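What follows is protein_20.cif (mmCIF, C-alpha atoms).
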data_model
#
loop_
_atom_site.group_PDB
_atom_site.id
_atom_site.type_symbol
_atom_site.label_atom_id
_atom_site.label_comp_id
_atom_site.auth_asym_id
_atom_site.auth_seq_id
_atom_site.Cartn_x
_atom_site.Cartn_y
_atom_site.Cartn_z
ATOM 1 C CA MET A 21 -78.445 29.586 49.234
ATOM 2 C CA GLU A 22 -76.768 26.155 48.993
ATOM 3 C CA PRO A 23 -73.868 25.882 46.488
ATOM 4 C CA GLY A 24 -75.783 23.498 44.226
ATOM 5 C CA GLU A 25 -78.814 25.765 44.196
ATOM 6 C CA ALA A 26 -76.656 28.800 43.481
ATOM 7 C CA ASP A 27 -74.998 26.942 40.593
ATOM 8 C CA ARG A 28 -78.357 26.077 39.057
ATOM 9 C CA TYR A 29 -79.544 29.666 39.404
ATOM 10 C CA ILE A 30 -76.509 31.155 37.688
ATOM 11 C CA ILE A 31 -76.570 28.525 34.921
ATOM 12 C CA GLU A 32 -80.199 29.284 34.114
ATOM 13 C CA ALA A 33 -79.401 33.001 34.044
ATOM 14 C CA ILE A 34 -76.492 32.377 31.655
ATOM 15 C CA ARG A 35 -78.716 30.236 29.459
ATOM 16 C CA SER A 36 -81.104 33.186 29.223
ATOM 17 C CA GLY A 37 -78.214 35.392 28.060
ATOM 18 C CA SER A 38 -77.348 37.274 31.261
ATOM 19 C CA GLU A 39 -73.952 38.948 30.806
ATOM 20 C CA SER A 40 -73.738 39.894 34.490
ATOM 21 C CA SER A 41 -74.215 36.246 35.503
ATOM 22 C CA TRP A 42 -71.555 35.179 33.014
ATOM 23 C CA ARG A 43 -69.129 37.717 34.490
ATOM 24 C CA GLN A 44 -70.015 36.454 37.970
ATOM 25 C CA LEU A 45 -69.162 32.877 36.961
ATOM 26 C CA ILE A 46 -65.837 33.996 35.477
ATOM 27 C CA ASP A 47 -64.949 35.960 38.612
ATOM 28 C CA ARG A 48 -65.797 32.974 40.765
ATOM 29 C CA PHE A 49 -63.865 30.258 38.956
ATOM 30 C CA HIS A 50 -61.101 31.765 36.819
ATOM 31 C CA GLY A 51 -58.522 31.903 39.610
ATOM 32 C CA ARG A 52 -58.701 28.247 40.572
ATOM 33 C CA LEU A 53 -58.808 27.143 36.932
ATOM 34 C CA LEU A 54 -55.730 29.243 36.203
ATOM 35 C CA ALA A 55 -53.917 27.751 39.199
ATOM 36 C CA PHE A 56 -54.635 24.238 37.908
ATOM 37 C CA ALA A 57 -53.560 25.075 34.346
ATOM 38 C CA ARG A 58 -50.464 26.962 35.505
ATOM 39 C CA SER A 59 -49.198 23.889 37.386
ATOM 40 C CA ARG A 60 -49.342 21.877 34.162
ATOM 41 C CA THR A 61 -48.088 24.284 31.522
ATOM 42 C CA ALA A 62 -44.798 25.883 30.656
ATOM 43 C CA SER A 63 -45.928 29.507 30.759
ATOM 44 C CA LEU A 64 -48.575 31.801 32.196
ATOM 45 C CA SER A 65 -49.799 32.772 28.720
ATOM 46 C CA ASP A 66 -50.421 29.097 27.873
ATOM 47 C CA ALA A 67 -52.403 28.688 31.088
ATOM 48 C CA GLU A 68 -54.484 31.794 30.391
ATOM 49 C CA ASP A 69 -55.254 30.565 26.856
ATOM 50 C CA LEU A 70 -56.434 27.233 28.250
ATOM 51 C CA VAL A 71 -58.707 28.914 30.790
ATOM 52 C CA GLN A 72 -60.179 31.083 28.037
ATOM 53 C CA ASP A 73 -60.802 27.968 25.905
ATOM 54 C CA THR A 74 -62.416 26.336 28.934
ATOM 55 C CA PHE A 75 -64.985 29.093 29.386
ATOM 56 C CA VAL A 76 -65.809 29.129 25.672
ATOM 57 C CA GLY A 77 -66.092 25.334 25.776
ATOM 58 C CA PHE A 78 -68.459 25.606 28.711
ATOM 59 C CA LEU A 79 -70.763 27.929 26.778
ATOM 60 C CA ASN A 80 -70.713 25.622 23.756
ATOM 61 C CA SER A 81 -71.594 22.584 25.870
ATOM 62 C CA LEU A 82 -74.108 24.369 28.114
ATOM 63 C CA PRO A 83 -77.221 22.839 26.466
ATOM 64 C CA ASN A 84 -75.983 19.375 27.499
ATOM 65 C CA PHE A 85 -74.897 20.312 31.021
ATOM 66 C CA ASP A 86 -76.554 18.272 33.761
ATOM 67 C CA SER A 87 -77.305 20.762 36.544
ATOM 68 C CA SER A 88 -77.149 17.982 39.139
ATOM 69 C CA ARG A 89 -73.415 17.710 38.463
ATOM 70 C CA PRO A 90 -71.049 19.985 40.435
ATOM 71 C CA LEU A 91 -70.290 23.028 38.292
ATOM 72 C CA GLU A 92 -66.692 23.323 39.464
ATOM 73 C CA THR A 93 -65.940 19.691 38.596
ATOM 74 C CA TYR A 94 -67.466 20.189 35.147
ATOM 75 C CA LEU A 95 -65.270 23.221 34.472
ATOM 76 C CA PHE A 96 -62.154 21.385 35.639
ATOM 77 C CA THR A 97 -63.060 18.463 33.365
ATOM 78 C CA ILE A 98 -63.327 20.758 30.351
ATOM 79 C CA LEU A 99 -59.984 22.350 31.279
ATOM 80 C CA ARG A 100 -58.349 18.963 31.570
ATOM 81 C CA TYR A 101 -59.500 18.036 28.061
ATOM 82 C CA LYS A 102 -58.346 21.357 26.639
ATOM 83 C CA LEU A 103 -54.964 20.718 28.248
ATOM 84 C CA VAL A 104 -54.681 17.202 26.830
ATOM 85 C CA ASP A 105 -55.691 18.459 23.373
ATOM 86 C CA ARG A 106 -53.032 21.152 23.576
ATOM 87 C CA LEU A 107 -50.384 18.631 24.589
ATOM 88 C CA ARG A 108 -51.343 16.321 21.762
ATOM 89 C CA SER A 109 -50.953 19.126 19.262
ATOM 90 C CA ARG A 110 -47.429 19.777 20.660
ATOM 91 C CA LYS A 111 -48.119 23.461 21.201
ATOM 92 C CA ILE A 112 -46.927 23.569 24.803
ATOM 93 C CA THR A 113 -44.444 21.710 26.949
ATOM 94 C CA PRO A 114 -46.158 19.153 29.202
ATOM 95 C CA LEU A 115 -45.496 19.464 32.927
ATOM 96 C CA ASN A 116 -46.687 16.904 35.501
ATOM 97 C CA ILE A 117 -48.909 15.097 33.047
ATOM 98 C CA ASP A 118 -46.820 12.514 31.223
ATOM 99 C CA SER A 119 -44.594 11.573 34.101
ATOM 100 C CA GLU A 120 -44.107 7.971 35.139
ATOM 101 C CA ASP A 121 -46.032 8.593 38.346
ATOM 102 C CA GLU A 122 -49.094 10.007 36.571
ATOM 103 C CA ASN A 123 -51.524 12.075 38.591
ATOM 104 C CA TRP A 124 -54.869 10.319 38.997
ATOM 105 C CA TRP A 125 -56.807 13.316 37.671
ATOM 106 C CA ASP A 126 -54.828 13.182 34.442
ATOM 107 C CA CYS A 127 -55.678 9.550 33.697
ATOM 108 C CA VAL A 128 -59.200 8.741 34.927
ATOM 109 C CA LEU A 129 -61.473 11.185 33.129
ATOM 110 C CA GLU A 130 -61.273 9.647 29.667
ATOM 111 C CA SER A 131 -65.015 8.873 29.527
ATOM 112 C CA ASP A 132 -66.219 11.909 31.453
ATOM 113 C CA GLU A 133 -66.169 14.345 28.545
ATOM 114 C CA GLU A 134 -69.610 15.830 27.920
ATOM 115 C CA THR A 135 -70.446 16.336 24.272
ATOM 116 C CA PRO A 136 -73.812 16.008 22.498
ATOM 117 C CA SER A 137 -72.898 12.529 21.259
ATOM 118 C CA ARG A 138 -71.650 11.535 24.704
ATOM 119 C CA ALA A 139 -74.771 12.881 26.390
ATOM 120 C CA ALA A 140 -76.956 10.976 23.945
ATOM 121 C CA ALA A 141 -75.105 7.754 24.693
ATOM 122 C CA VAL A 142 -75.402 7.921 28.468
ATOM 123 C CA VAL A 143 -77.802 5.288 29.688
ATOM 124 C CA GLU A 144 -80.342 6.398 32.278
ATOM 125 C CA GLU A 145 -79.632 3.335 34.389
ATOM 126 C CA ASN A 146 -75.963 4.285 34.727
ATOM 127 C CA GLU A 147 -76.908 7.795 35.841
ATOM 128 C CA ALA A 148 -79.214 6.355 38.491
ATOM 129 C CA ARG A 149 -76.539 3.905 39.664
ATOM 130 C CA SER A 150 -73.980 6.693 39.818
ATOM 131 C CA GLN A 151 -76.215 8.850 41.985
ATOM 132 C CA MET A 152 -77.121 5.878 44.167
ATOM 133 C CA LEU A 153 -73.487 5.011 44.740
ATOM 134 C CA ALA A 154 -72.598 8.645 45.455
ATOM 135 C CA ASP A 155 -75.329 8.782 48.114
ATOM 136 C CA LEU A 156 -74.051 5.573 49.743
ATOM 137 C CA LEU A 157 -70.445 6.767 49.766
ATOM 138 C CA ARG A 158 -71.464 10.164 51.108
ATOM 139 C CA ARG A 159 -73.328 8.429 53.921
ATOM 140 C CA LEU A 160 -70.224 6.376 54.762
ATOM 141 C CA ILE A 161 -67.961 9.450 54.698
ATOM 142 C CA HIS A 162 -70.296 11.427 56.938
ATOM 143 C CA GLU A 163 -70.370 8.548 59.408
ATOM 144 C CA TYR A 164 -66.575 8.582 59.635
ATOM 145 C CA ARG A 165 -66.555 12.345 60.123
ATOM 146 C CA ASP A 166 -69.322 12.329 62.719
ATOM 147 C CA ARG A 167 -67.343 9.992 64.961
ATOM 148 C CA ASN A 168 -63.987 11.657 64.158
ATOM 149 C CA ALA A 169 -62.679 8.463 62.562
ATOM 150 C CA PHE A 170 -60.406 10.408 60.254
ATOM 151 C CA GLU A 171 -57.717 7.719 60.122
ATOM 152 C CA ASP A 172 -60.274 5.238 58.770
ATOM 153 C CA LEU A 173 -61.469 7.863 56.296
ATOM 154 C CA GLN A 174 -57.911 8.398 55.078
ATOM 155 C CA ILE A 175 -57.522 4.659 54.505
ATOM 156 C CA ILE A 176 -60.782 4.451 52.560
ATOM 157 C CA GLU A 177 -59.954 7.540 50.527
ATOM 158 C CA LEU A 178 -56.639 6.096 49.403
ATOM 159 C CA LEU A 179 -58.229 2.726 48.616
ATOM 160 C CA PHE A 180 -61.453 3.805 46.934
ATOM 161 C CA PHE A 181 -60.566 7.263 45.647
ATOM 162 C CA ALA A 182 -56.865 7.120 44.782
ATOM 163 C CA GLY A 183 -56.917 3.425 43.796
ATOM 164 C CA LYS A 184 -54.056 2.393 46.073
ATOM 165 C CA ARG A 185 -53.420 -1.199 47.148
ATOM 166 C CA ASN A 186 -53.496 -2.274 50.799
ATOM 167 C CA LEU A 187 -49.698 -2.376 51.031
ATOM 168 C CA GLU A 188 -49.319 1.071 49.445
ATOM 169 C CA VAL A 189 -51.853 2.551 51.870
ATOM 170 C CA ALA A 190 -50.136 0.935 54.836
ATOM 171 C CA GLU A 191 -46.792 2.370 53.777
ATOM 172 C CA SER A 192 -48.224 5.836 53.078
ATOM 173 C CA LEU A 193 -49.906 6.085 56.476
ATOM 174 C CA ASP A 194 -47.308 4.073 58.448
ATOM 175 C CA LEU A 195 -49.884 1.452 59.428
ATOM 176 C CA ASP A 196 -50.005 -2.325 59.605
ATOM 177 C CA GLN A 197 -51.333 -3.913 56.422
ATOM 178 C CA LYS A 198 -53.806 -5.984 58.430
ATOM 179 C CA GLN A 199 -55.240 -2.798 59.913
ATOM 180 C CA VAL A 200 -55.802 -1.422 56.431
ATOM 181 C CA ALA A 201 -57.461 -4.670 55.318
ATOM 182 C CA GLY A 202 -59.739 -4.570 58.362
ATOM 183 C CA VAL A 203 -60.887 -1.026 57.661
ATOM 184 C CA LYS A 204 -61.532 -1.929 54.018
ATOM 185 C CA PHE A 205 -63.520 -5.029 54.983
ATOM 186 C CA ARG A 206 -65.711 -3.069 57.395
ATOM 187 C CA ALA A 207 -66.268 -0.302 54.873
ATOM 188 C CA VAL A 208 -67.427 -2.701 52.161
ATOM 189 C CA ALA A 209 -69.664 -4.455 54.684
ATOM 190 C CA LYS A 210 -71.130 -1.103 55.686
ATOM 191 C CA LEU A 211 -71.822 -0.178 52.070
ATOM 192 C CA LYS A 212 -73.541 -3.538 51.540
ATOM 193 C CA SER A 213 -75.701 -2.879 54.586
ATOM 194 C CA TYR A 214 -76.655 0.470 53.072
ATOM 195 C CA LEU A 215 -77.628 -1.345 49.888
ATOM 196 C CA ALA A 216 -79.877 -3.606 51.930
ATOM 197 C CA ASP A 217 -81.405 -0.590 53.704
ATOM 198 C CA GLU A 218 -82.263 0.949 50.345
ATOM 199 C CA ALA A 219 -83.665 -2.331 48.972
ATOM 200 C CA ILE A 220 -81.074 -2.337 46.186
ATOM 201 C CA PRO A 221 -80.227 -5.765 44.686
ATOM 202 C CA GLU A 222 -77.259 -7.397 46.426
ATOM 203 C CA GLU A 223 -75.634 -8.217 43.090
ATOM 204 C CA THR A 224 -74.837 -4.515 42.674
ATOM 205 C CA ASP A 225 -71.046 -4.584 42.274
ATOM 206 C CA LEU A 226 -69.079 -2.177 44.452
ATOM 207 C CA THR A 227 -65.649 -3.259 43.279
ATOM 208 C CA GLU A 228 -65.856 -3.806 39.488
ATOM 209 C CA GLN A 229 -63.022 -1.784 37.988
ATOM 210 C CA HIS A 230 -64.150 -1.781 34.369
ATOM 211 C CA ALA A 231 -67.793 -0.881 34.757
ATOM 212 C CA GLU A 232 -69.159 2.448 33.570
ATOM 213 C CA VAL A 233 -70.033 3.281 37.167
ATOM 214 C CA THR A 234 -67.229 2.609 39.653
ATOM 215 C CA VAL A 235 -66.543 3.732 43.191
ATOM 216 C CA ALA A 236 -63.463 5.727 42.145
ATOM 217 C CA ARG A 237 -65.196 7.433 39.226
ATOM 218 C CA VAL A 238 -68.229 8.390 41.310
ATOM 219 C CA TRP A 239 -66.072 9.592 44.200
ATOM 220 C CA ARG A 240 -64.106 11.868 41.875
ATOM 221 C CA GLN A 241 -67.054 13.083 39.847
ATOM 222 C CA HIS A 242 -69.002 14.084 42.959
ATOM 223 C CA ARG A 243 -65.867 15.287 44.809
ATOM 224 C CA LEU A 244 -67.062 13.510 47.927
ATOM 225 C CA THR A 245 -64.076 14.398 50.101
ATOM 226 C CA CYS A 246 -62.928 17.608 48.455
ATOM 227 C CA LEU A 247 -62.435 20.424 50.950
ATOM 228 C CA LYS A 248 -64.590 23.524 51.220
ATOM 229 C CA ARG A 249 -62.888 26.784 50.314
ATOM 230 C CA SER A 250 -63.577 27.995 53.855
ATOM 231 C CA THR A 251 -61.576 25.023 55.178
ATOM 232 C CA LEU A 252 -58.766 25.716 52.738
ATOM 233 C CA GLY A 253 -58.869 29.387 53.699
ATOM 234 C CA SER A 254 -58.524 28.525 57.386
ATOM 235 C CA HIS A 255 -55.644 26.200 56.520
ATOM 236 C CA SER A 256 -53.939 28.968 54.544
ATOM 237 C CA LEU A 257 -54.316 31.366 57.486
ATOM 238 C CA GLY A 258 -52.941 28.785 59.930
ATOM 239 C CA VAL A 259 -56.058 28.751 62.118
ATOM 240 C CA LEU A 260 -57.337 25.249 61.258
ATOM 241 C CA GLU A 261 -57.205 22.836 64.185
ATOM 242 C CA ASP A 262 -57.125 19.045 64.474
ATOM 243 C CA PRO A 263 -58.626 16.735 63.441
ATOM 244 C CA TRP A 264 -59.422 18.831 60.360
ATOM 245 C CA LEU A 265 -55.879 20.165 60.153
ATOM 246 C CA SER A 266 -54.374 16.678 59.879
ATOM 247 C CA TYR A 267 -57.018 15.540 57.431
ATOM 248 C CA THR A 268 -56.599 18.638 55.254
ATOM 249 C CA GLN A 269 -52.845 18.124 55.107
ATOM 250 C CA PHE A 270 -53.445 14.475 54.190
ATOM 251 C CA HIS A 271 -55.869 15.367 51.401
ATOM 252 C CA LEU A 272 -53.463 17.940 49.971
ATOM 253 C CA ASP A 273 -50.106 16.234 50.542
ATOM 254 C CA VAL A 274 -50.863 12.498 50.340
ATOM 255 C CA VAL A 275 -53.906 12.296 48.074
ATOM 256 C CA SER A 276 -52.625 15.364 46.193
ATOM 257 C CA CYS A 277 -56.113 16.266 45.046
ATOM 258 C CA PRO A 278 -55.390 18.588 42.096
ATOM 259 C CA LEU A 279 -58.686 20.457 42.414
ATOM 260 C CA CYS A 280 -58.204 21.288 46.085
ATOM 261 C CA LEU A 281 -54.570 22.203 45.443
ATOM 262 C CA ALA A 282 -55.721 24.560 42.689
ATOM 263 C CA ASN A 283 -58.274 26.088 45.038
ATOM 264 C CA LEU A 284 -55.606 26.556 47.707
ATOM 265 C CA ARG A 285 -53.218 28.251 45.254
ATOM 266 C CA ASP A 286 -56.036 30.538 44.166
ATOM 267 C CA ILE A 287 -56.814 31.479 47.778
ATOM 268 C CA GLU A 288 -53.144 32.137 48.554
ATOM 269 C CA ALA A 289 -52.773 34.271 45.425
ATOM 270 C CA GLU A 290 -55.899 36.396 45.931
ATOM 271 C CA GLU A 291 -54.211 39.043 48.073
ATOM 272 C CA LEU A 292 -50.916 38.955 46.183
ATOM 273 C CA GLU A 293 -52.056 38.700 42.581
ATOM 274 C CA GLU A 294 -52.622 42.170 41.174
ATOM 275 C CA ASP A 295 -53.269 40.828 37.678
ATOM 276 C CA GLN A 296 -56.515 39.004 38.530
ATOM 277 C CA PRO A 297 -58.883 41.846 37.465
ATOM 278 C CA ARG A 298 -57.064 42.159 34.124
ATOM 279 C CA LEU A 299 -57.415 38.453 33.443
ATOM 280 C CA ALA A 300 -61.101 38.420 34.424
ATOM 281 C CA ASP A 301 -61.757 41.358 32.087
ATOM 282 C CA GLN A 302 -59.892 39.610 29.289
ATOM 283 C CA LEU A 303 -61.765 36.344 29.795
ATOM 284 C CA PHE A 304 -65.122 38.101 29.836
ATOM 285 C CA THR A 305 -64.391 40.176 26.716
ATOM 286 C CA SER A 306 -63.114 37.178 24.756
ATOM 287 C CA SER A 307 -66.019 34.897 25.654
ATOM 288 C CA VAL A 308 -69.111 37.081 26.039
ATOM 289 C CA GLY A 309 -69.654 37.016 22.267
ATOM 290 C CA PHE A 310 -70.348 33.290 22.523
ATOM 291 C CA LEU A 311 -73.055 33.925 25.117
ATOM 292 C CA SER A 312 -75.636 35.157 22.621
ATOM 293 C CA LYS A 313 -74.759 32.249 20.334
ATOM 294 C CA THR A 314 -75.388 29.646 23.024
ATOM 295 C CA PRO A 315 -78.320 27.491 21.811
ATOM 296 C CA SER A 316 -81.167 26.930 24.213
ATOM 297 C CA SER A 317 -81.390 23.621 26.045
#
Can you dump the structure from the file as structure tokens?
Amino acid sequence: MEPGEADRYIIEAIRSGSESSWRQLIDRFHGRLLAFARSRTASLSDAEDLVQDTFVGFLNSLPNFDSSRPLETYLFTILRYKLVDRLRSRKITPLNIDSEDENWWDCVLESDEETPSRAAAVVEENEARSQMLADLLRRLIHEYRDRNAFEDLQIIELLFFAGKRNLEVAESLDLDQKQVAGVKFRAVAKLKSYLADEAIPEETDLTEQHAEVTVARVWRQHRLTCLKRSTLGSHSLGVLEDPWLSYTQFHLDVVSCPLCLANLRDIEAEELEEDQPRLADQLFTSSVGFLSKTPSS
């Protein structure tokens, strides 16, 4: 079963009140959520509280969840908002979130929160444009991967995904600025050709930074270049080979994708962390009561 299909299956089971499916979801995601929270909080207990709040928040927002959206990204988004709320209330010491060099994940999700009012305000046209743009970007990324053009993919990821300028990308990858500009020019031209292939109006803006649907937002929301856990597992075991080894190190070390880093920490901790079953039991016990209260869609 494909990941998206499996997500939809488990969500429908949870909506029907299945406690076993709810426990399965907790077992599957609590480790990576804890790793993300732990890197941004002052103590383990704070991180565990945030993960617990995240699962309860998920149940409360389940009627408005769009099953076409990646489940893992949705859970991380809820966690990020719980973390920001906790920081604003001054209950924990902020780590890695208010620094001068702010992490992109901590500053770009302001309009991604899913609440009933937010869901009601989302325009259908924006949803369609978001999916369209995700499909075009995915096509571009797959083309780079198919021809092993990983250096070009790294350039595009830093430009489109991380929001870096040409000079910053050139310095990060030790490249000539003109080379970066050339890759960017060809990528935009390729995306425009995809638009023409799909008979989408040419005035569709691929670079507008203040629109509801932007390249960066769509790239992050759909996690277009996030690494599979199997890839991260191979990297952790030291058996990943180039070109995927170099690209994985780039995505973790240069892009510093917080979701993939959290997944990697979770994988590395699985064999060493003896407290995982206790935490899963605690999360299930503290949240299962909300399951029966979850309103139907």
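The smallest atom-to-atom distance between A:Val76 and any of A:Leu195, A:Leu257, A:Leu187, A:Leu95, using all atoms listed in the file, is found for A:Leu95.
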The PyMOL selection byres ((chain A and resi 238) around 10) applied to the shown file, residues as a VMD selection string: chain A and resid 149 to 155 157 180 to 181 232 to 237 239 to 244
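In this comparison, which uses only C-alpha atoms, the residue of A:Ile30, A:Pro278, A:Ser256, A:Gln44 approaching A:Asp301 most closely is A:Gln44.
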Separation of atom CA of A:Lys212 from atom CA of A:Glu163, in Å and rounded to one decimal: 14.8 Å
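Compared by their closest atoms to A:Asn186, and using only C-alpha atoms, the residues A:Val308, A:Leu252, A:Ala33, A:Val200 rank with A:Val200 nearest.
We find atom CA of A:Leu211 and atom CA of A:Arg249 to be spaced 28.5 Å apart.
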Contacts of A:Ala282 within 9 Å, only C-alpha atoms, excl. fewer than 2 positions in-chain, as a VMD selection string: chain A and resid 51 to 57 59 277 to 280 284 to 287
Interatomic distance (Å, one decimal) between atom CA of A:Ala67 and atom CA of A:Glu32: 28.0 Å
Test item: the PyMOL selection byres ((chain A and resi 69-72) around 7) resolved as number ranges by chain: A: 53-54, 65-68, 73-76, 99, 102-103, 303
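Every protein or nucleic acid residue with an atom no more than 12 Å from A:Leu265, counting all atoms listed in the file and leaving out same-chain residues fewer than 4 positions away, appears here: Phe170, Leu247, Thr251, Leu252, Gly253, Ser254, His255, Ser256, Leu257, Gly258, Val259, Leu260, Glu261, Gln269, Phe270, His271, Leu272 and Asp273 of chain A.
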Restricting the output to C-alpha atoms, write the selected residues as an mmCIF file, in the frame of the given file.
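The resulting again_14.cif:
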data_model
loop_
_atom_site.group_PDB
_atom_site.id
_atom_site.type_symbol
_atom_site.label_atom_id
_atom_site.label_comp_id
_atom_site.auth_asym_id
_atom_site.auth_seq_id
_atom_site.Cartn_x
_atom_site.Cartn_y
_atom_site.Cartn_z
ATOM 1 C CA PHE A 170 -60.406 10.408 60.254
ATOM 2 C CA LEU A 247 -62.435 20.424 50.950
ATOM 3 C CA THR A 251 -61.576 25.023 55.178
ATOM 4 C CA LEU A 252 -58.766 25.716 52.738
ATOM 5 C CA GLY A 253 -58.869 29.387 53.699
ATOM 6 C CA SER A 254 -58.524 28.525 57.386
ATOM 7 C CA HIS A 255 -55.644 26.200 56.520
ATOM 8 C CA SER A 256 -53.939 28.968 54.544
ATOM 9 C CA LEU A 257 -54.316 31.366 57.486
ATOM 10 C CA GLY A 258 -52.941 28.785 59.930
ATOM 11 C CA VAL A 259 -56.058 28.751 62.118
ATOM 12 C CA LEU A 260 -57.337 25.249 61.258
ATOM 13 C CA GLU A 261 -57.205 22.836 64.185
ATOM 14 C CA GLN A 269 -52.845 18.124 55.107
ATOM 15 C CA PHE A 270 -53.445 14.475 54.190
ATOM 16 C CA HIS A 271 -55.869 15.367 51.401
ATOM 17 C CA LEU A 272 -53.463 17.940 49.971
ATOM 18 C CA ASP A 273 -50.106 16.234 50.542
#
Top pick for closest residue to A:Ser88, considering A:Leu107, A:Ala148, A:Ile161, A:Ala190 and counting all atoms listed in the file: A:Ala148
Near-A:Leu79 list (8 Å; all atoms listed in the file; drop same-chain fewer than 2 positions) as an MDAnalysis selection string: chainID A and resid 75:77 81:82 310:311 314
Create the file for the chosen residues now, containing C-alpha atoms and written as a compact mmCIF listing (two decimals), keeping the file's coordinate frame.
# COMPACT_ATOMS: atom_id res chain seq x y z
CA PHE A 75 -64.98 29.09 29.39
CA VAL A 76 -65.81 29.13 25.67
CA GLY A 77 -66.09 25.33 25.78
CA SER A 81 -71.59 22.58 25.87
CA LEU A 82 -74.11 24.37 28.11
CA PHE A 310 -70.35 33.29 22.52
CA LEU A 311 -73.06 33.92 25.12
CA THR A 314 -75.39 29.65 23.02
Selection under test: the PyMOL selection byres ((chain A and resi 172) around 10); residues as a ChimeraX atom specification: /A:161,164-165,168-171,173-177,199-200,202-204,207
Let me have the centre and edge lengths in Å, one decimal, of the box along x, y and z around every listed atom of stretch 184-191 of chain A with 4 Å of margin on each side, as AutoDock Vina command-line options.
--center_x -50.4 --center_y 0.1 --center_z 50.5 --size_x 15.3 --size_y 12.9 --size_z 16.8
